[in-house]
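Okay, coords_34.cif is below, mmCIF, C-alpha atoms and all ligand atoms:
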```cif
data_coords
loop_
_atom_site.label_atom_id
_atom_site.label_comp_id
_atom_site.auth_asym_id
_atom_site.auth_seq_id
_atom_site.Cartn_x
_atom_site.Cartn_y
_atom_site.Cartn_z
CA MET A 1 11.51 5.88 67.36
CA ASP A 2 9.99 7.40 64.24
CA VAL A 3 11.64 6.14 61.09
CA LEU A 4 11.70 7.43 57.51
CA VAL A 5 12.45 5.05 54.64
CA VAL A 6 13.61 6.90 51.51
CA GLY A 7 12.82 5.23 48.16
CA SER A 8 9.88 3.51 46.50
CA GLY A 9 10.83 0.01 45.34
CA GLY A 10 10.71 -3.58 46.54
CA ARG A 11 13.84 -3.14 48.66
CA GLU A 12 12.21 -0.24 50.48
CA ASP A 13 9.02 -2.27 51.03
CA ALA A 14 11.20 -5.02 52.55
CA LEU A 15 12.76 -2.40 54.87
CA VAL A 16 9.31 -1.11 55.85
CA GLN A 17 7.97 -4.60 56.56
CA LYS A 18 11.03 -5.56 58.60
CA LEU A 19 11.03 -2.29 60.59
CA ALA A 20 7.30 -2.68 61.25
CA GLU A 21 8.11 -5.79 63.33
CA SER A 22 10.18 -3.72 65.74
CA ASP A 23 8.91 -2.84 69.24
CA LYS A 24 11.20 0.16 69.15
CA VAL A 25 9.62 1.68 66.04
CA GLU A 26 6.51 3.76 66.66
CA THR A 27 5.73 5.14 63.23
CA ILE A 28 7.20 4.55 59.80
CA HIS A 29 7.17 7.16 57.07
CA ALA A 30 8.20 6.53 53.48
CA LEU A 31 9.24 9.13 50.90
CA PRO A 32 7.80 8.69 48.36
CA GLY A 33 7.16 5.01 49.16
CA ASN A 34 4.48 3.14 47.24
CA ASP A 35 0.83 2.26 47.84
CA GLY A 36 1.76 -1.29 48.84
CA MET A 37 3.47 0.12 51.94
CA ALA A 38 0.51 2.29 52.94
CA GLY A 39 -0.78 -0.23 55.51
CA GLN A 40 2.45 0.05 57.49
CA ALA A 41 3.93 3.39 56.51
CA HIS A 42 2.71 6.94 56.22
CA LEU A 43 3.56 8.08 52.69
CA ILE A 44 5.17 11.50 52.21
CA GLU A 45 4.93 12.87 48.68
CA GLY A 46 8.17 14.02 47.15
CA ASN A 47 11.21 13.19 45.09
CA ALA A 48 13.85 11.05 46.83
CA GLU A 49 16.53 12.68 44.65
CA ASP A 50 15.71 16.21 45.83
CA VAL A 51 17.93 15.84 48.87
CA GLU A 52 17.17 19.23 50.44
CA ALA A 53 13.43 18.52 50.24
CA VAL A 54 13.94 15.07 51.79
CA ALA A 55 15.83 16.70 54.68
CA ARG A 56 13.08 19.32 55.18
CA ALA A 57 10.36 16.67 55.17
CA ALA A 58 12.29 14.55 57.69
CA ARG A 59 12.77 17.57 59.96
CA GLU A 60 9.07 18.46 59.76
CA ALA A 61 7.99 14.90 60.57
CA ASP A 62 10.41 14.85 63.53
CA ILE A 63 12.13 11.71 62.25
CA ASP A 64 14.59 9.96 64.58
CA LEU A 65 16.20 7.79 61.93
CA ALA A 66 16.18 8.04 58.13
CA VAL A 67 17.05 4.86 56.22
CA ILE A 68 18.09 5.41 52.61
CA GLY A 69 17.27 2.73 50.03
CA PRO A 70 18.62 3.70 46.57
CA GLU A 71 22.12 4.79 45.52
CA LYS A 72 21.13 7.96 43.68
CA PRO A 73 20.04 10.04 46.71
CA LEU A 74 23.16 8.80 48.56
CA ALA A 75 25.43 9.89 45.70
CA LEU A 76 23.63 13.26 45.71
CA GLY A 77 24.35 13.77 49.42
CA VAL A 78 21.01 13.03 51.12
CA VAL A 79 22.76 11.83 54.28
CA ASP A 80 24.82 15.02 54.49
CA ALA A 81 21.62 17.07 54.01
CA LEU A 82 19.77 15.11 56.72
CA GLN A 83 22.63 15.41 59.19
CA GLU A 84 22.80 19.13 58.53
CA VAL A 85 19.23 19.52 59.82
CA GLY A 86 19.91 17.23 62.77
CA VAL A 87 18.28 14.02 61.51
CA ALA A 88 20.25 10.79 62.05
CA ALA A 89 20.55 8.87 58.79
CA PHE A 90 21.60 5.33 57.95
CA GLY A 91 23.74 5.40 54.81
CA PRO A 92 27.06 6.82 53.64
CA SER A 93 27.86 10.48 53.08
CA ARG A 94 28.14 11.74 49.52
CA GLU A 95 31.92 11.36 49.62
CA ALA A 96 31.75 7.80 51.00
CA ALA A 97 29.04 6.84 48.47
CA ARG A 98 31.74 7.27 45.80
CA ILE A 99 32.67 3.66 46.48
CA GLU A 100 29.63 2.94 44.26
CA SER A 101 29.21 6.15 42.26
CA SER A 102 32.80 6.07 40.95
CA LYS A 103 34.17 2.70 39.92
CA VAL A 104 37.57 4.37 39.41
CA PHE A 105 37.55 5.52 43.04
CA ALA A 106 36.65 1.99 44.19
CA LYS A 107 39.31 0.30 42.05
CA GLN A 108 42.05 2.72 43.12
CA LEU A 109 41.08 2.21 46.76
CA MET A 110 41.31 -1.57 46.32
CA GLU A 111 44.66 -1.28 44.58
CA LYS A 112 46.11 0.96 47.28
CA TYR A 113 44.92 -1.25 50.14
CA ASP A 114 45.54 -4.64 48.52
CA ILE A 115 41.91 -5.72 48.39
CA PRO A 116 41.52 -8.55 45.85
CA THR A 117 40.04 -7.39 42.53
CA ALA A 118 40.72 -7.86 38.81
CA ASP A 119 43.79 -6.09 37.33
CA PHE A 120 42.68 -2.91 35.59
CA ARG A 121 43.60 0.25 33.71
CA VAL A 122 41.75 3.60 33.76
CA PHE A 123 41.29 5.69 30.60
CA SER A 124 39.88 9.16 30.06
CA SER A 125 40.97 9.28 26.40
CA HIS A 126 39.05 7.22 23.85
CA SER A 127 42.09 6.80 21.60
CA GLU A 128 44.27 5.52 24.44
CA ALA A 129 41.56 3.05 25.47
CA VAL A 130 41.37 1.84 21.84
CA ALA A 131 45.17 1.46 21.71
CA HIS A 132 45.03 -0.63 24.88
CA LEU A 133 42.42 -2.94 23.33
CA ASN A 134 44.76 -3.48 20.40
CA ASP A 135 47.36 -5.19 22.53
CA ARG A 136 45.50 -6.97 25.27
CA SER A 137 43.88 -10.39 25.61
CA PHE A 138 40.15 -11.15 25.63
CA PRO A 139 37.64 -11.49 27.17
CA ALA A 140 38.02 -8.08 28.80
CA VAL A 141 35.55 -6.15 30.91
CA ILE A 142 34.73 -2.53 30.09
CA LYS A 143 33.04 -0.35 32.69
CA ALA A 144 31.77 3.22 32.70
CA ASP A 145 33.10 5.03 35.78
CA GLY A 146 29.83 6.49 37.04
CA LEU A 147 26.31 5.32 37.92
CA ALA A 148 24.57 3.63 34.99
CA ALA A 149 21.75 1.66 36.68
CA GLY A 150 23.67 -1.60 36.34
CA LYS A 151 23.96 -1.22 32.55
CA GLY A 152 27.43 0.34 32.23
CA VAL A 153 29.38 -2.94 32.22
CA VAL A 154 30.23 -4.96 29.11
CA VAL A 155 32.05 -8.28 29.13
CA ALA A 156 33.68 -8.11 25.69
CA ARG A 157 34.54 -11.47 24.12
CA ASP A 158 36.74 -9.94 21.44
CA ARG A 159 38.26 -6.71 20.22
CA ALA A 160 35.26 -5.76 18.05
CA GLU A 161 32.88 -6.03 20.99
CA GLY A 162 35.28 -4.04 23.14
CA LEU A 163 35.55 -1.26 20.56
CA ARG A 164 31.75 -1.07 20.30
CA ALA A 165 31.46 -0.72 24.07
CA LEU A 166 34.08 2.04 24.12
CA THR A 167 32.22 3.96 21.40
CA GLN A 168 28.90 3.69 23.23
CA ILE A 169 30.31 4.73 26.59
CA MET A 170 32.97 7.33 25.63
CA VAL A 171 31.85 8.74 22.28
CA ASP A 172 28.04 8.38 22.18
CA ARG A 173 27.91 9.00 25.93
CA ARG A 174 25.07 6.55 26.38
CA PHE A 175 25.42 7.01 30.16
CA GLY A 176 26.23 10.73 30.03
CA ASP A 177 29.06 11.93 32.25
CA ALA A 178 29.32 8.46 33.78
CA GLY A 179 31.31 7.63 30.64
CA GLU A 180 33.93 10.34 30.99
CA ARG A 181 36.32 7.65 32.20
CA VAL A 182 36.33 3.91 31.66
CA ILE A 183 37.94 0.99 33.38
CA ILE A 184 39.22 -1.92 31.31
CA GLU A 185 39.84 -4.94 33.48
CA ASP A 186 40.59 -8.65 33.34
CA CYS A 187 37.67 -11.02 33.18
CA LEU A 188 37.26 -13.13 36.32
CA VAL A 189 35.84 -16.65 36.24
CA GLY A 190 33.89 -18.29 39.04
CA GLU A 191 30.64 -18.08 41.01
CA GLU A 192 29.08 -14.69 41.73
CA LEU A 193 27.95 -13.82 45.21
CA SER A 194 26.56 -10.74 46.98
CA VAL A 195 27.66 -10.08 50.54
CA MET A 196 26.22 -7.11 52.39
CA ALA A 197 27.50 -5.81 55.71
CA ILE A 198 26.20 -3.16 58.08
CA THR A 199 28.94 -0.89 59.37
CA ASP A 200 29.34 2.24 61.50
CA GLY A 201 32.72 2.93 59.92
CA GLU A 202 34.57 0.60 62.27
CA THR A 203 32.57 -2.46 63.32
CA VAL A 204 31.51 -4.69 60.43
CA VAL A 205 28.37 -6.84 60.76
CA PRO A 206 28.17 -9.15 57.73
CA LEU A 207 24.72 -10.29 56.65
CA ASP A 208 24.05 -13.69 55.16
CA ALA A 209 25.18 -13.96 51.52
CA ALA A 210 22.73 -13.97 48.60
CA GLN A 211 22.84 -14.59 44.88
CA ASP A 212 20.83 -12.55 42.41
CA HIS A 213 19.75 -13.23 38.85
CA LYS A 214 20.42 -10.18 36.69
CA ALA A 215 19.44 -11.39 33.21
CA ILE A 216 15.84 -10.99 32.05
CA TYR A 217 15.30 -14.58 30.77
CA ASP A 218 15.67 -18.08 32.17
CA GLY A 219 19.14 -19.59 31.94
CA ASP A 220 20.70 -16.13 32.47
CA ARG A 221 19.92 -15.13 28.88
CA GLY A 222 19.03 -11.70 27.56
CA PRO A 223 19.91 -8.20 28.73
CA ASN A 224 20.75 -7.37 32.33
CA THR A 225 18.08 -5.84 34.55
CA GLY A 226 18.11 -4.39 38.05
CA GLY A 227 17.54 -7.99 39.22
CA MET A 228 14.86 -10.59 38.38
CA GLY A 229 15.18 -12.59 41.56
CA ALA A 230 17.46 -13.66 44.37
CA PHE A 231 17.93 -16.39 46.91
CA CYS A 232 19.56 -16.87 50.28
CA PRO A 233 21.43 -18.64 51.80
CA VAL A 234 24.02 -19.70 49.21
CA GLN A 235 25.15 -23.31 49.61
CA PHE A 236 28.86 -22.82 48.89
CA TYR A 237 29.10 -19.83 51.26
CA ASP A 238 30.45 -21.78 54.23
CA GLU A 239 32.03 -20.45 57.41
CA GLU A 240 35.50 -20.49 55.93
CA LEU A 241 34.50 -18.44 52.88
CA ALA A 242 32.51 -16.04 55.10
CA GLU A 243 35.59 -15.51 57.27
CA THR A 244 37.79 -14.95 54.19
CA VAL A 245 35.36 -12.36 52.78
CA CYS A 246 35.23 -10.53 56.09
CA ARG A 247 39.00 -10.65 56.73
CA ASP A 248 40.26 -9.91 53.20
CA ILE A 249 37.52 -7.69 51.79
CA LEU A 250 34.88 -6.18 54.12
CA ARG A 251 37.02 -5.18 57.11
CA PRO A 252 39.99 -3.89 55.07
CA THR A 253 37.63 -1.82 52.89
CA VAL A 254 35.92 -0.18 55.86
CA ARG A 255 39.36 0.49 57.42
CA ALA A 256 40.64 1.90 54.11
CA MET A 257 37.73 4.34 53.85
CA ALA A 258 38.41 5.57 57.39
CA GLU A 259 42.12 5.98 56.59
CA GLU A 260 41.24 7.97 53.48
CA GLY A 261 39.24 10.34 55.68
CA VAL A 262 35.85 9.23 54.30
CA PRO A 263 34.48 6.88 56.97
CA PHE A 264 31.77 4.65 55.52
CA GLN A 265 28.56 4.16 57.50
CA GLY A 266 25.63 2.18 56.12
CA VAL A 267 25.48 -0.99 54.03
CA LEU A 268 28.65 -1.98 52.25
CA TYR A 269 27.60 -4.39 49.51
CA ALA A 270 30.37 -6.39 47.90
CA GLY A 271 29.59 -7.97 44.54
CA LEU A 272 32.09 -10.83 44.44
CA MET A 273 33.43 -13.43 42.05
CA VAL A 274 34.58 -16.50 43.95
CA THR A 275 37.51 -17.61 41.78
CA GLU A 276 39.96 -20.51 42.11
CA ASP A 277 42.21 -18.10 44.01
CA GLY A 278 39.44 -16.99 46.37
CA PRO A 279 36.89 -14.17 46.39
CA GLU A 280 37.59 -11.01 44.36
CA VAL A 281 35.56 -7.80 44.19
CA LEU A 282 33.57 -7.07 41.01
CA GLU A 283 32.00 -3.93 42.44
CA PHE A 284 30.94 -2.23 45.63
CA ASN A 285 27.49 -0.81 46.25
CA CYS A 286 26.74 1.60 49.06
CA ARG A 287 23.25 0.31 50.01
CA PHE A 288 21.09 -2.79 50.31
CA GLY A 289 20.75 -4.79 47.10
CA ASP A 290 17.41 -4.96 45.32
CA PRO A 291 16.17 -7.79 45.30
CA GLU A 292 18.81 -9.12 47.76
CA ALA A 293 17.13 -7.21 50.60
CA GLN A 294 13.89 -9.07 49.81
CA VAL A 295 15.53 -12.42 50.69
CA VAL A 296 17.98 -11.36 53.40
CA LEU A 297 15.74 -9.16 55.58
CA PRO A 298 12.85 -11.62 56.04
CA ARG A 299 15.35 -14.22 57.33
CA LEU A 300 16.71 -11.85 59.96
CA ASP A 301 15.45 -13.04 63.34
CA SER A 302 16.52 -9.95 65.27
CA ASP A 303 15.25 -6.39 65.45
CA LEU A 304 16.71 -4.37 62.56
CA ALA A 305 15.92 -0.89 63.93
CA PRO A 306 18.50 -0.71 66.78
CA VAL A 307 21.20 -2.12 64.48
CA LEU A 308 20.60 0.58 61.86
CA ALA A 309 20.33 3.26 64.56
CA ALA A 310 23.62 2.14 66.14
CA ALA A 311 25.38 2.20 62.76
CA ALA A 312 24.00 5.67 61.99
CA ALA A 313 25.06 6.98 65.40
CA ALA A 314 28.62 5.70 64.80
CA ASP A 315 29.23 5.94 68.56
CA GLY A 316 30.68 2.46 69.06
CA SER A 317 27.34 0.92 70.06
CA LEU A 318 27.12 -1.23 66.89
CA ALA A 319 29.67 -3.65 68.38
CA SER A 320 27.23 -4.74 71.12
CA GLU A 321 24.19 -4.68 68.78
CA ALA A 322 26.12 -6.98 66.42
CA GLU A 323 25.96 -9.81 68.95
CA LEU A 324 22.17 -9.67 68.74
CA VAL A 325 22.04 -10.36 65.00
CA HIS A 326 20.63 -13.85 64.38
CA TRP A 327 19.30 -15.64 61.31
CA ARG A 328 16.33 -17.94 60.99
CA GLU A 329 17.18 -21.47 59.85
CA GLN A 330 15.27 -20.81 56.68
CA SER A 331 15.76 -20.31 52.99
CA ALA A 332 14.26 -17.48 50.97
CA VAL A 333 13.61 -17.19 47.24
CA CYS A 334 12.38 -13.93 45.70
CA VAL A 335 10.87 -13.89 42.21
CA VAL A 336 10.35 -10.51 40.54
CA LEU A 337 7.22 -9.99 38.43
CA ALA A 338 8.07 -7.53 35.67
CA SER A 339 6.18 -5.62 32.98
CA GLU A 340 6.39 -6.87 29.40
CA GLY A 341 9.28 -5.10 27.64
CA TYR A 342 11.32 -4.40 30.78
CA PRO A 343 14.30 -3.57 31.00
CA LEU A 344 13.54 -1.55 27.84
CA ASP A 345 10.28 0.37 27.28
CA TYR A 346 7.09 -1.00 28.80
CA GLU A 347 3.45 -0.01 29.15
CA LYS A 348 1.94 1.01 32.48
CA GLY A 349 -1.57 1.02 33.91
CA TYR A 350 -2.50 -2.67 33.66
CA SER A 351 -4.88 -3.98 36.28
CA ILE A 352 -3.30 -6.41 38.79
CA GLU A 353 -5.39 -9.26 40.21
CA GLY A 354 -4.68 -11.55 43.13
CA LEU A 355 -2.92 -9.37 45.69
CA ASP A 356 -5.39 -9.82 48.54
CA GLU A 357 -4.46 -13.22 49.86
CA VAL A 358 -0.88 -14.02 50.71
CA ALA A 359 0.13 -17.43 52.09
CA GLU A 360 1.69 -17.56 55.54
CA ASN A 361 5.23 -18.30 54.39
CA VAL A 362 5.21 -15.76 51.59
CA ARG A 363 6.07 -12.05 51.65
CA LEU A 364 4.71 -9.81 48.94
CA TYR A 365 6.86 -6.76 48.18
CA HIS A 366 5.39 -3.94 46.12
CA ALA A 367 7.69 -2.08 43.72
CA GLY A 368 5.87 -0.69 40.66
CA THR A 369 2.25 -0.71 41.81
CA VAL A 370 -0.37 1.96 42.47
CA ARG A 371 -3.77 1.64 44.10
CA THR A 372 -6.64 3.32 42.25
CA ASP A 373 -10.40 3.40 42.96
CA ALA A 374 -10.66 0.53 40.51
CA GLY A 375 -7.94 -1.56 42.17
CA TRP A 376 -4.20 -2.17 41.77
CA ARG A 377 -2.40 -1.02 38.61
CA THR A 378 1.15 -1.44 37.27
CA VAL A 379 3.38 1.67 37.17
CA GLY A 380 6.91 0.29 36.94
CA GLY A 381 9.20 -2.17 35.20
CA ARG A 382 9.66 -4.34 38.25
CA VAL A 383 6.12 -4.53 39.61
CA LEU A 384 6.23 -6.98 42.53
CA GLY A 385 8.63 -9.23 44.39
CA VAL A 386 7.27 -12.48 45.76
CA THR A 387 9.46 -14.08 48.45
CA GLY A 388 8.83 -17.66 49.54
CA LEU A 389 10.27 -18.87 52.84
CA GLY A 390 10.89 -22.53 53.63
CA ARG A 391 13.11 -25.07 55.36
CA ASP A 392 15.24 -25.33 52.21
CA LEU A 393 15.54 -23.59 48.86
CA GLU A 394 13.23 -26.09 47.17
CA GLN A 395 10.37 -25.46 49.58
CA ALA A 396 10.95 -21.68 49.47
CA ARG A 397 10.89 -21.80 45.66
CA ARG A 398 7.68 -23.83 45.57
CA ARG A 399 5.95 -21.41 47.92
CA ALA A 400 6.99 -18.37 45.88
CA TYR A 401 5.86 -19.89 42.58
CA ARG A 402 2.60 -21.19 44.04
CA GLN A 403 1.73 -17.66 45.22
CA ILE A 404 2.54 -16.29 41.75
CA GLU A 405 -0.05 -18.61 40.19
CA SER A 406 -2.78 -16.44 41.69
CA ILE A 407 -1.30 -13.08 40.57
CA ARG A 408 -2.16 -11.76 37.14
CA PHE A 409 -1.57 -8.67 35.02
CA SER A 410 -1.36 -8.18 31.30
CA GLY A 411 2.17 -8.90 29.99
CA MET A 412 3.41 -10.20 33.35
CA HIS A 413 6.89 -11.67 32.90
CA TYR A 414 9.01 -13.56 35.41
CA ARG A 415 11.82 -16.10 35.41
CA THR A 416 10.90 -19.68 36.23
CA ASP A 417 14.40 -20.71 37.36
CA ILE A 418 15.14 -18.50 40.35
CA GLY A 419 17.08 -20.38 43.02
CA ARG A 420 17.68 -23.43 40.82
P1 LIG B 1 29.30 -4.70 38.12
O1 LIG B 1 28.19 -3.68 37.95
O2 LIG B 1 30.66 -4.12 38.15
O3 LIG B 1 29.02 -5.70 39.23
O4 LIG B 1 29.19 -5.61 36.83
C1 LIG B 1 27.98 -6.19 36.41
C2 LIG B 1 28.20 -7.63 36.06
O5 LIG B 1 29.25 -7.75 35.09
C3 LIG B 1 28.68 -8.46 37.23
O6 LIG B 1 27.60 -8.91 38.02
C4 LIG B 1 29.41 -9.58 36.55
O7 LIG B 1 28.51 -10.56 36.07
C5 LIG B 1 30.02 -8.90 35.36
N1 LIG B 1 31.40 -8.50 35.66
C6 LIG B 1 31.83 -7.32 36.14
N2 LIG B 1 33.17 -7.30 36.28
C7 LIG B 1 33.61 -8.50 35.88
C8 LIG B 1 34.91 -9.10 35.79
N3 LIG B 1 36.03 -8.45 36.12
N4 LIG B 1 34.97 -10.37 35.33
C9 LIG B 1 33.87 -11.04 34.97
N5 LIG B 1 32.63 -10.53 35.02
C10 LIG B 1 32.49 -9.27 35.48
N1 LIG B 2 20.74 -6.58 42.66
C1 LIG B 2 21.89 -5.81 42.41
C2 LIG B 2 21.90 -4.48 43.02
O1 LIG B 2 21.09 -4.14 43.87
O2 LIG B 2 22.77 -3.69 42.67
#
```
How would this structure read if it were set down as C-alpha cells?
Ligand code: AMP
Ligand code: GLY
Amino acid sequence: MDVLVVGSGGREDALVQKLAESDKVETIHALPGNDGMAGQAHLIEGNAEDVEAVARAAREADIDLAVIGPEKPLALGVVDALQEVGVAAFGPSREAARIESSKVFAKQLMEKYDIPTADFRVFSSHSEAVAHLNDRSFPAVIKADGLAAGKGVVVARDRAEGLRALTQIMVDRRFGDAGERVIIEDCLVGEELSVMAITDGETVVPLDAAQDHKAIYDGDRGPNTGGMGAFCPVQFYDEELAETVCRDILRPTVRAMAEEGVPFQGVLYAGLMVTEDGPEVLEFNCRFGDPEAQVVLPRLDSDLAPVLAAAAAADGSLASEAELVHWREQSAVCVVLASEGYPLDYEKGYSIEGLDEVAENVRLYHAGTVRTDAGWRTVGGRVLGVTGLGRDLEQARRRAYRQIESIRFSGMHYRTDIGR
C-alpha cells in the first residue's frame, strides 16, 4: 500500500521509520514531513492544517492509507475530508477528536460513564469561577477547555495562583477561544503514566505504557514543553495495572464514544495519574504522543501498517490483527535536543554537526531540522529526538547519551536525567 503520514515532527519521523520496515508498504509520502524523512518518504509540500488541501494531495497521490500525527488537523476534520474523497485515514473524525480538543467534553463523558477522573466543575463565567475559588481547597487544577499546546493547565497551590490563572485564561484570553470555558478540578497525587491504544471504535489494542518528561530542565523544573524525553517500558506498569487501565478506562471510553454516536477510531492516548485508589484520567489525547511514539514504536516487533489499516477500515479486522502485536524485550529512552530558549522564543538557522553516523542501537528522529546546500540547520524548538535501545533502561539511556555526545549545534539544550 501507499501511505501518507501527515505532520512534520519527531513523532511523524518515528511513524515513517516504523512504516518503512513493512513489507506491505510500497511508498511513503509525508505532508509536509521534514528533510530528515526524505530518505524514506517522498515529501509533499503543504500545510497539514489546510485539511481540504491535504485531502486533495492524498487523492492525487493515490494514497491507500493516511496516518495523521498531530491533534490540530484532526480537530479541524482532516479525517472527514480524506474520507470524503475516498482515502482511508487512521485517526478520529472531527467530532471524535473532541475528546482532546474539548476538555469539557472529555470530563463530561467520563462523568456520565463512570470513568475514573478528578472531581471537577465547569465555568463559562469568570466571576462564578472566582467565587468557586473562594470556597474550595487547594491545590486545585485549572484548565482551559480547548487546545493550548499543552500549556493551558495550571496546578494552583493557593487562591492567588488560581486567580492569576483564571485571569490569564478567561480575561486575557492567552489561549484565545480555548479559554471560553474552564475546568477547575481536584489535584491528584501519584505517578504519571501515558497509555496509548489503537482502536477501530470497538476493539482496543493497548500499546506498552511510557512516561514522558514535560518540564524543560532536569529534576522536572521550569516551564512545561511539548515533551523533553520519554522512556518505555515503565517498571510499575505490571500486568495487573495494565488490565485495570484497559478494563476501567480504555475499553469503557471507546464504548462510551460509540454510545454517544461518535465512534472513535485511531490512537486513544490516556494521560493517567496512578493514585492510591488506582489509575485516574488527567486527559485524553486523540493521537500518538510526541515523544512517546519515539520510544514505543521502535520497540514494536510487529508490522504497524496492517494494524493501522485495520483500525482505519473499522470492519472488525483489527481483532485478528491485534493478536499479531508483539513487543521486543527491550527498553527505549528518547532524549529531545532543543533550541536555546524553547519553549519560549528561540533562534533558528544554526548549523547541526554529527548527524551522519548513528550507532546500531540508536534511532535518530528529525523534528526541527532542514537540509541546506551547506548542511543541516535548526528550524524548530524541538530539533531532534535521539532514542537509545537496550536490554534495560540503563543501557538504553547510555546509548542515547553517547550518541548525543557527537551531535552539536549552537545553543543545544537537553535534559540529562531522562529515564532516571
Ligand atoms: P493535561 O494537559 O490535562 O494532561 O495536564 C498537564 C499536566 O498537568 C499533567 O501532565 C499533570 O502533570 C498536570 N495535571 C493535570 N491535571 C491534574 C490533576 N487533576 N491533578 C494533578 N496534576 C494534574
Ligand atoms: N508528550 C505529550 C503529548 O504528546 O501530548
Write out as a list in words the residues lying within 9 Å of Leu324 in chain A, counting all atoms listed in the file and excluding same-chain residues fewer than 4 positions away.
->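 The residues that qualify are Ser302, Asp303, Val307 and Ser320 of chain A.
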Kindly work out which residues sit at most 12 Å from ligand LIG 2 (chain B), using all atoms listed in the file, and give the list as a VMD selection string.
-> chain A and resid 9 to 12 69 to 72 100 to 101 147 to 151 192 to 196 210 to 215 224 to 231 267 to 272 282 to 295 334 336
Can I get the residues close to ligand LIG 1 (chain B) as a ChimeraX atom specification, where close means within 7 Å and we count only C-alpha atoms and all ligand atoms?
-> /A:118,141,150,153-155,185-189,271,282-283
Point out the residue among A:Gly86, A:Gly266, A:Gly368, A:Gly77 with the least atom-to-atom distance to Ala314 in chain A, counting all atoms listed in the file.
->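 When distances to Ala314 in chain A are compared using all atoms listed in the file, the smallest one comes from A:Gly266.
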Taking into account all atoms listed in the file, which residue in the set A:Leu19, A:Ser8, A:Asp356, A:Thr199 is nearest to Asp35 in chain A?
-> A:Ser8
Taking into account all atoms listed in the file, which residue in the set A:Met1, A:Ala309, A:Ile198, A:Ala41 is nearest to Asp62 in chain A?
-> A:Met1
Nearest to Ala338 in chain A: which of A:Arg408, A:Arg420, A:Arg391, A:His132 is it, counting only C-alpha atoms?
->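 That would be A:Arg408, the residue with the smallest distance to Ala338 in chain A.
For Gly219 in chain A, the list of residues within 9 Å, based on only C-alpha atoms and with local chain neighbours fewer than 2 positions off taken out, reads Ala215, Tyr217, Arg221, Arg415 and Asp417 of chain A.
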Best match for closeness to Val386 in chain A among A:Ala30, A:Ala14, A:Asp119, A:Asp135, counting all atoms listed in the file = A:Ala14
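The space separating CA of Thr244 in chain A from CA of Ala310 in chain A comes to 25.2 Å.
The residue that comes closest to Thr372 in chain A, out of A:Ser410, A:Ser351, A:Gly390, A:Pro206 and on the basis of only C-alpha atoms, is A:Ser351.
For range 396-400 of chain A, the residues within 9 Å (counting all atoms listed in the file, excluding itself and residues fewer than 2 positions away along the chain) are Phe231, Gln330, Ser331, Ala332, Val333, Cys334, Val335, Ala359, Asn361, Val362, Arg363, Val386, Thr387, Gly388, Leu389, Gly390, Arg391, Asp392, Leu393, Glu394, Arg402, Gln403, Ile404, Ile418, Gly419 and Arg420 of chain A.
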May I have the selected residues written with C-alpha atoms, as a CSV table (one decimal), keeping the file's coordinate frame?
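Produced file selection32.csv, reproduced below:
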```csv
chain,number,residue,atom,x,y,z
A,231,PHE,CA,17.9,-16.4,46.9
A,330,GLN,CA,15.3,-20.8,56.7
A,331,SER,CA,15.8,-20.3,53.0
A,332,ALA,CA,14.3,-17.5,51.0
A,333,VAL,CA,13.6,-17.2,47.2
A,334,CYS,CA,12.4,-13.9,45.7
A,335,VAL,CA,10.9,-13.9,42.2
A,359,ALA,CA,0.1,-17.4,52.1
A,361,ASN,CA,5.2,-18.3,54.4
A,362,VAL,CA,5.2,-15.8,51.6
A,363,ARG,CA,6.1,-12.0,51.6
A,386,VAL,CA,7.3,-12.5,45.8
A,387,THR,CA,9.5,-14.1,48.4
A,388,GLY,CA,8.8,-17.7,49.5
A,389,LEU,CA,10.3,-18.9,52.8
A,390,GLY,CA,10.9,-22.5,53.6
A,391,ARG,CA,13.1,-25.1,55.4
A,392,ASP,CA,15.2,-25.3,52.2
A,393,LEU,CA,15.5,-23.6,48.9
A,394,GLU,CA,13.2,-26.1,47.2
A,402,ARG,CA,2.6,-21.2,44.0
A,403,GLN,CA,1.7,-17.7,45.2
A,404,ILE,CA,2.5,-16.3,41.8
A,418,ILE,CA,15.1,-18.5,40.4
A,419,GLY,CA,17.1,-20.4,43.0
A,420,ARG,CA,17.7,-23.4,40.8
```
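Taking CA of Tyr414 in chain A and CA of Leu364 in chain A as the two end points, the separation is 14.7 Å.
The residue set within 10 Å of Pro73 in chain A, counting only C-alpha atoms and dropping same-chain residues fewer than 3 places from it, reads Val6, Gly7, Asn47, Ala48, Glu49, Asp50, Val51, Val54, Ile68, Gly69, Pro70, Leu76, Gly77, Val78, Val79, Arg94 and Ala97 of chain A.
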Fewer than 3 positions away in the same chain doesn't count, so skip those; otherwise give me all residues within 6 Å of Arg299 in chain A, counting only C-alpha atoms, as a PDB file with C-alpha atoms, in the coordinates of the input.
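This went into result.pdb:
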```
ATOM      1  CA  VAL A 296      17.980 -11.360  53.400  1.00  0.00           C
ATOM      2  CA  TRP A 327      19.300 -15.640  61.310  1.00  0.00           C
ATOM      3  CA  ARG A 328      16.330 -17.940  60.990  1.00  0.00           C
TER       4      ARG A 328
END
```
Six-sided padding of 3 Å per side, axis-aligned box over range 372-384 of chain A, centre and edges in Å, one decimal, as lines of an AutoDock Vina configuration file:
```
center_x = -0.5
center_y = -1.8
center_z = 39.1
size_x = 26.3
size_y = 16.4
size_z = 13.8
```
Interatomic distance between CA of Gly411 in chain A and CA of Glu357 in chain A?
->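 Straight-line distance from CA of Gly411 in chain A to CA of Glu357 in chain A works out to 21.4 Å.
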